$ cat entry35.pdb   # PDB, C-alpha atoms
ATOM      1  CA  MET A   1     -21.389  13.032   4.427
ATOM      2  CA  ASN A   2     -19.481  15.578   6.500
ATOM      3  CA  THR A   3     -15.787  15.462   7.367
ATOM      4  CA  LYS A   4     -16.343  14.067  10.863
ATOM      5  CA  SER A   5     -18.464  11.185   9.545
ATOM      6  CA  LYS A   6     -15.847  10.407   6.881
ATOM      7  CA  GLY A   7     -13.167  10.358   9.570
ATOM      8  CA  ILE A   8     -15.165   8.011  11.790
ATOM      9  CA  LEU A   9     -15.839   5.692   8.850
ATOM     10  CA  ALA A  10     -12.141   5.733   7.892
ATOM     11  CA  VAL A  11     -11.143   4.796  11.451
ATOM     12  CA  ILE A  12     -13.640   1.917  11.536
ATOM     13  CA  VAL A  13     -12.447   0.555   8.174
ATOM     14  CA  SER A  14      -8.813   0.952   9.175
ATOM     15  CA  ALA A  15      -9.333  -0.831  12.492
ATOM     16  CA  THR A  16     -11.169  -3.674  10.767
ATOM     17  CA  ILE A  17      -8.402  -4.158   8.224
ATOM     18  CA  PHE A  18      -5.695  -3.894  10.889
ATOM     19  CA  GLY A  19      -7.510  -6.447  13.051
ATOM     20  CA  SER A  20      -7.811  -8.906  10.171
ATOM     21  CA  MET A  21      -4.089  -8.894   9.331
ATOM     22  CA  PRO A  22      -3.355 -11.896  11.593
ATOM     23  CA  LEU A  23      -5.848 -13.947   9.553
ATOM     24  CA  MET A  24      -3.937 -13.144   6.401
ATOM     25  CA  ALA A  25      -0.697 -14.061   8.149
ATOM     26  CA  LYS A  26      -2.152 -17.389   9.179
ATOM     27  CA  PHE A  27      -3.137 -18.238   5.594
ATOM     28  CA  VAL A  28       0.208 -17.128   4.167
ATOM     29  CA  TYR A  29       2.238 -19.113   6.699
ATOM     30  CA  GLU A  30       0.047 -22.213   6.235
ATOM     31  CA  SER A  31       0.641 -21.970   2.484
ATOM     32  CA  GLY A  32       4.398 -22.035   3.000
ATOM     33  CA  GLY A  33       4.994 -18.299   2.853
ATOM     34  CA  ASN A  34       7.374 -16.322   5.010
ATOM     35  CA  ALA A  35       7.484 -12.816   6.496
ATOM     36  CA  THR A  36       8.747 -11.307   3.246
ATOM     37  CA  SER A  37       5.921 -12.767   1.185
ATOM     38  CA  LEU A  38       3.424 -11.643   3.839
ATOM     39  CA  ALA A  39       4.694  -8.054   3.700
ATOM     40  CA  PHE A  40       4.664  -8.142  -0.103
ATOM     41  CA  LEU A  41       1.057  -9.329  -0.197
ATOM     42  CA  ARG A  42      -0.073  -6.734   2.339
ATOM     43  CA  PHE A  43       1.397  -3.904   0.308
ATOM     44  CA  LEU A  44       0.204  -5.384  -2.972
ATOM     45  CA  LEU A  45      -3.386  -5.595  -1.757
ATOM     46  CA  ILE A  46      -3.486  -1.969  -0.589
ATOM     47  CA  LEU A  47      -2.040  -0.511  -3.814
ATOM     48  CA  PRO A  48      -5.365  -0.294  -5.722
ATOM     49  CA  PHE A  49      -6.933   1.672  -2.856
ATOM     50  CA  LEU A  50      -3.988   4.048  -2.671
ATOM     51  CA  TYR A  51      -4.150   4.530  -6.422
ATOM     52  CA  LEU A  52      -7.838   5.435  -6.223
ATOM     53  CA  LEU A  53      -7.155   7.937  -3.450
ATOM     54  CA  ILE A  54      -4.424   9.597  -5.482
ATOM     55  CA  LYS A  55      -6.542   9.746  -8.640
ATOM     56  CA  LYS A  56      -9.545  11.104  -6.703
ATOM     57  CA  ASP A  57      -7.563  14.107  -5.486
ATOM     58  CA  GLY A  58      -6.617  15.190  -8.993
ATOM     59  CA  LYS A  59      -3.764  17.411  -7.767
ATOM     60  CA  GLU A  60      -1.284  14.594  -7.333
ATOM     61  CA  THR A  61       0.355  12.707 -10.139
ATOM     62  CA  LEU A  62       2.146   9.379 -10.285
ATOM     63  CA  LYS A  63       4.718  10.645 -12.759
ATOM     64  CA  ILE A  64       8.322  10.619 -11.630
ATOM     65  CA  GLU A  65      11.246  12.540 -13.004
ATOM     66  CA  LYS A  66      14.198  10.804 -14.664
ATOM     67  CA  GLU A  67      16.445  11.563 -11.668
ATOM     68  CA  GLU A  68      13.902  10.098  -9.264
ATOM     69  CA  PHE A  69      13.709   6.957 -11.374
ATOM     70  CA  LYS A  70      17.483   6.592 -11.231
ATOM     71  CA  LYS A  71      17.459   6.943  -7.441
ATOM     72  CA  ILE A  72      14.653   4.404  -7.045
ATOM     73  CA  THR A  73      16.461   1.952  -9.329
ATOM     74  CA  LEU A  74      19.646   2.374  -7.331
ATOM     75  CA  VAL A  75      17.861   1.705  -4.042
ATOM     76  CA  VAL A  76      16.179  -1.400  -5.457
ATOM     77  CA  LEU A  77      19.449  -2.771  -6.792
ATOM     78  CA  VAL A  78      21.331  -2.093  -3.552
ATOM     79  CA  LEU A  79      18.620  -3.629  -1.368
ATOM     80  CA  HIS A  80      18.146  -6.636  -3.598
TER      81      HIS A  80
END
$ encode --input "entry35.pdb" --output "structure tokens"
Amino acid sequence: MNTKSKGILAVIVSATIFGSMPLMAKFVYESGGNATSLAFLRFLLILPFLYLLIKKDGKETLKIEKEEFKKITLVVLVLH
């Protein structure tokens, strides 16, 4: 599969997922969820795909430095 075909396929998949987001919202809101839980579920469901993309590349790593961890922890605590 050439690069152009991969790009076209990626656009089709992306548009399909983007178009189905209101269905997910409907189910979340009917189940008693709110906007925060909807956003959480959207990001949670995409994480495995992002992980596979990162691992496929091989050049990227998910390791973070100690200083980065401290900054992330600080942001989480402040925003919580």
$ atom_distance --input "entry35.pdb" --atom1 "CA of Leu45 in chain A" --atom2 "CA of Lys26 in chain A"
16.1 Å
$ residues_around --input "entry35.pdb" --residues "Leu62 in chain A" --least-positions-apart "6" --cutoff "12 Å" --atoms "only C-alpha atoms" --output "ChimeraX atom specification"
/A:50-55,68-69
$ closest_residue --input "entry35.pdb" --among "A:Ile46, A:Glu30, A:Leu41, A:Thr73" --to "Ile17 in chain A" --atoms "all atoms listed in the file"
A:Ile46
$ atom_distance --input "entry35.pdb" --atom1 "CA of Val76 in chain A" --atom2 "CA of Val28 in chain A"
24.4 Å
$ atom_distance --input "entry35.pdb" --atom1 "CA of Val75 in chain A" --atom2 "CA of Gly33 in chain A"
24.8 Å
$ resolve_selection --input "entry35.pdb" --expression "the PyMOL selection byres ((chain A and resi 24) around 12)" --output "list of chain:residue names"
A:Ile17, A:Phe18, A:Gly19, A:Ser20, A:Met21, A:Pro22, A:Leu23, A:Ala25, A:Lys26, A:Phe27, A:Val28, A:Tyr29, A:Glu30, A:Ser31, A:Gly33, A:Asn34, A:Ala35, A:Ser37, A:Leu38, A:Ala39, A:Phe40, A:Leu41, A:Arg42, A:Leu45
$ decode --input "entry35.pdb" --residues "range 26-58 of chain A" --atoms "N, CA, C and O atoms" --output "mmCIF file, in the first residue's frame"
data_model
loop_
_atom_site.group_PDB
_atom_site.id
_atom_site.type_symbol
_atom_site.label_atom_id
_atom_site.label_comp_id
_atom_site.auth_asym_id
_atom_site.auth_seq_id
_atom_site.Cartn_x
_atom_site.Cartn_y
_atom_site.Cartn_z
ATOM 1 N N LYS A 26 -24.393 10.186 23.265
ATOM 2 C CA LYS A 26 -25.781 9.832 23.596
ATOM 3 C C LYS A 26 -25.820 8.716 24.645
ATOM 4 O O LYS A 26 -26.549 8.811 25.630
ATOM 5 N N PHE A 27 -25.011 7.679 24.442
ATOM 6 C CA PHE A 27 -24.992 6.561 25.390
ATOM 7 C C PHE A 27 -24.454 6.981 26.757
ATOM 8 O O PHE A 27 -24.976 6.567 27.783
ATOM 9 N N VAL A 28 -23.431 7.815 26.764
ATOM 10 C CA VAL A 28 -22.849 8.259 28.032
ATOM 11 C C VAL A 28 -23.853 9.102 28.805
ATOM 12 O O VAL A 28 -24.058 8.915 30.005
ATOM 13 N N TYR A 29 -24.489 10.055 28.122
ATOM 14 C CA TYR A 29 -25.454 10.924 28.800
ATOM 15 C C TYR A 29 -26.678 10.151 29.272
ATOM 16 O O TYR A 29 -27.219 10.433 30.335
ATOM 17 N N GLU A 30 -27.125 9.153 28.494
ATOM 18 C CA GLU A 30 -28.268 8.337 28.920
ATOM 19 C C GLU A 30 -27.923 7.483 30.135
ATOM 20 O O GLU A 30 -28.801 7.121 30.916
ATOM 21 N N SER A 31 -26.653 7.151 30.281
ATOM 22 C CA SER A 31 -26.210 6.335 31.418
ATOM 23 C C SER A 31 -25.915 7.176 32.651
ATOM 24 O O SER A 31 -25.434 6.652 33.656
ATOM 25 N N GLY A 32 -26.148 8.478 32.565
ATOM 26 C CA GLY A 32 -25.938 9.341 33.714
ATOM 27 C C GLY A 32 -24.576 10.020 33.731
ATOM 28 O O GLY A 32 -24.212 10.633 34.728
ATOM 29 N N GLY A 33 -23.835 9.903 32.646
ATOM 30 C CA GLY A 33 -22.526 10.533 32.586
ATOM 31 C C GLY A 33 -22.631 12.023 32.306
ATOM 32 O O GLY A 33 -23.701 12.553 32.021
ATOM 33 N N ASN A 34 -21.497 12.690 32.386
ATOM 34 C CA ASN A 34 -21.453 14.115 32.091
ATOM 35 C C ASN A 34 -20.344 14.372 31.071
ATOM 36 O O ASN A 34 -19.731 13.442 30.561
ATOM 37 N N ALA A 35 -20.074 15.643 30.781
ATOM 38 C CA ALA A 35 -19.079 15.987 29.773
ATOM 39 C C ALA A 35 -17.678 15.507 30.167
ATOM 40 O O ALA A 35 -16.898 15.097 29.303
ATOM 41 N N THR A 36 -17.367 15.531 31.435
ATOM 42 C CA THR A 36 -16.053 15.086 31.885
ATOM 43 C C THR A 36 -15.880 13.589 31.660
ATOM 44 O O THR A 36 -14.848 13.143 31.167
ATOM 45 N N SER A 37 -16.894 12.814 32.006
ATOM 46 C CA SER A 37 -16.789 11.369 31.793
ATOM 47 C C SER A 37 -16.764 11.040 30.303
ATOM 48 O O SER A 37 -16.083 10.100 29.880
ATOM 49 N N LEU A 38 -17.458 11.812 29.492
ATOM 50 C CA LEU A 38 -17.431 11.604 28.042
ATOM 51 C C LEU A 38 -16.030 11.854 27.490
ATOM 52 O O LEU A 38 -15.500 11.048 26.722
ATOM 53 N N ALA A 39 -15.411 12.943 27.889
ATOM 54 C CA ALA A 39 -14.049 13.248 27.432
ATOM 55 C C ALA A 39 -13.073 12.170 27.902
ATOM 56 O O ALA A 39 -12.207 11.728 27.145
ATOM 57 N N PHE A 40 -13.215 11.740 29.145
ATOM 58 C CA PHE A 40 -12.351 10.690 29.678
ATOM 59 C C PHE A 40 -12.473 9.413 28.856
ATOM 60 O O PHE A 40 -11.465 8.806 28.474
ATOM 61 N N LEU A 41 -13.688 9.002 28.550
ATOM 62 C CA LEU A 41 -13.888 7.780 27.781
ATOM 63 C C LEU A 41 -13.349 7.905 26.363
ATOM 64 O O LEU A 41 -12.772 6.958 25.827
ATOM 65 N N ARG A 42 -13.521 9.060 25.746
ATOM 66 C CA ARG A 42 -12.988 9.252 24.395
ATOM 67 C C ARG A 42 -11.478 9.083 24.373
ATOM 68 O O ARG A 42 -10.922 8.415 23.510
ATOM 69 N N PHE A 43 -10.806 9.709 25.326
ATOM 70 C CA PHE A 43 -9.350 9.611 25.361
ATOM 71 C C PHE A 43 -8.901 8.211 25.772
ATOM 72 O O PHE A 43 -7.894 7.707 25.276
ATOM 73 N N LEU A 44 -9.638 7.586 26.665
ATOM 74 C CA LEU A 44 -9.285 6.248 27.109
ATOM 75 C C LEU A 44 -9.375 5.246 25.958
ATOM 76 O O LEU A 44 -8.521 4.363 25.820
ATOM 77 N N LEU A 45 -10.387 5.383 25.127
ATOM 78 C CA LEU A 45 -10.583 4.442 24.033
ATOM 79 C C LEU A 45 -9.542 4.605 22.919
ATOM 80 O O LEU A 45 -9.261 3.653 22.194
ATOM 81 N N ILE A 46 -8.970 5.772 22.767
ATOM 82 C CA ILE A 46 -7.989 5.982 21.705
ATOM 83 C C ILE A 46 -6.577 5.611 22.149
ATOM 84 O O ILE A 46 -5.694 5.390 21.311
ATOM 85 N N LEU A 47 -6.338 5.507 23.449
ATOM 86 C CA LEU A 47 -4.990 5.217 23.950
ATOM 87 C C LEU A 47 -4.355 3.945 23.379
ATOM 88 O O LEU A 47 -3.179 3.970 23.020
ATOM 89 N N PRO A 48 -5.062 2.825 23.272
ATOM 90 C CA PRO A 48 -4.414 1.633 22.698
ATOM 91 C C PRO A 48 -3.929 1.855 21.263
ATOM 92 O O PRO A 48 -2.861 1.380 20.887
ATOM 93 N N PHE A 49 -4.687 2.598 20.473
ATOM 94 C CA PHE A 49 -4.282 2.865 19.093
ATOM 95 C C PHE A 49 -3.050 3.767 19.042
ATOM 96 O O PHE A 49 -2.141 3.553 18.238
ATOM 97 N N LEU A 50 -3.020 4.768 19.910
ATOM 98 C CA LEU A 50 -1.853 5.638 19.967
ATOM 99 C C LEU A 50 -0.621 4.863 20.423
ATOM 100 O O LEU A 50 0.480 5.060 19.901
ATOM 101 N N TYR A 51 -0.803 3.980 21.366
ATOM 102 C CA TYR A 51 0.298 3.152 21.844
ATOM 103 C C TYR A 51 0.855 2.296 20.708
ATOM 104 O O TYR A 51 2.072 2.190 20.529
ATOM 105 N N LEU A 52 -0.017 1.689 19.936
ATOM 106 C CA LEU A 52 0.433 0.862 18.810
ATOM 107 C C LEU A 52 1.180 1.693 17.774
ATOM 108 O O LEU A 52 2.178 1.227 17.206
ATOM 109 N N LEU A 53 0.715 2.900 17.515
ATOM 110 C CA LEU A 53 1.416 3.763 16.567
ATOM 111 C C LEU A 53 2.808 4.127 17.065
ATOM 112 O O LEU A 53 3.772 4.150 16.289
ATOM 113 N N ILE A 54 2.926 4.404 18.345
ATOM 114 C CA ILE A 54 4.228 4.750 18.905
ATOM 115 C C ILE A 54 5.167 3.546 18.858
ATOM 116 O O ILE A 54 6.331 3.666 18.486
ATOM 117 N N LYS A 55 4.674 2.379 19.231
ATOM 118 C CA LYS A 55 5.513 1.184 19.240
ATOM 119 C C LYS A 55 5.913 0.765 17.828
ATOM 120 O O LYS A 55 6.990 0.224 17.626
ATOM 121 N N LYS A 56 5.053 1.007 16.849
ATOM 122 C CA LYS A 56 5.332 0.638 15.460
ATOM 123 C C LYS A 56 6.511 1.436 14.922
ATOM 124 O O LYS A 56 7.337 0.911 14.176
ATOM 125 N N ASP A 57 6.615 2.683 15.292
ATOM 126 C CA ASP A 57 7.678 3.551 14.799
ATOM 127 C C ASP A 57 9.044 3.060 15.264
ATOM 128 O O ASP A 57 9.993 3.036 14.496
ATOM 129 N N GLY A 58 9.155 2.670 16.507
ATOM 130 C CA GLY A 58 10.406 2.156 17.030
ATOM 131 C C GLY A 58 11.387 3.227 17.483
ATOM 132 O O GLY A 58 12.249 2.971 18.303
#
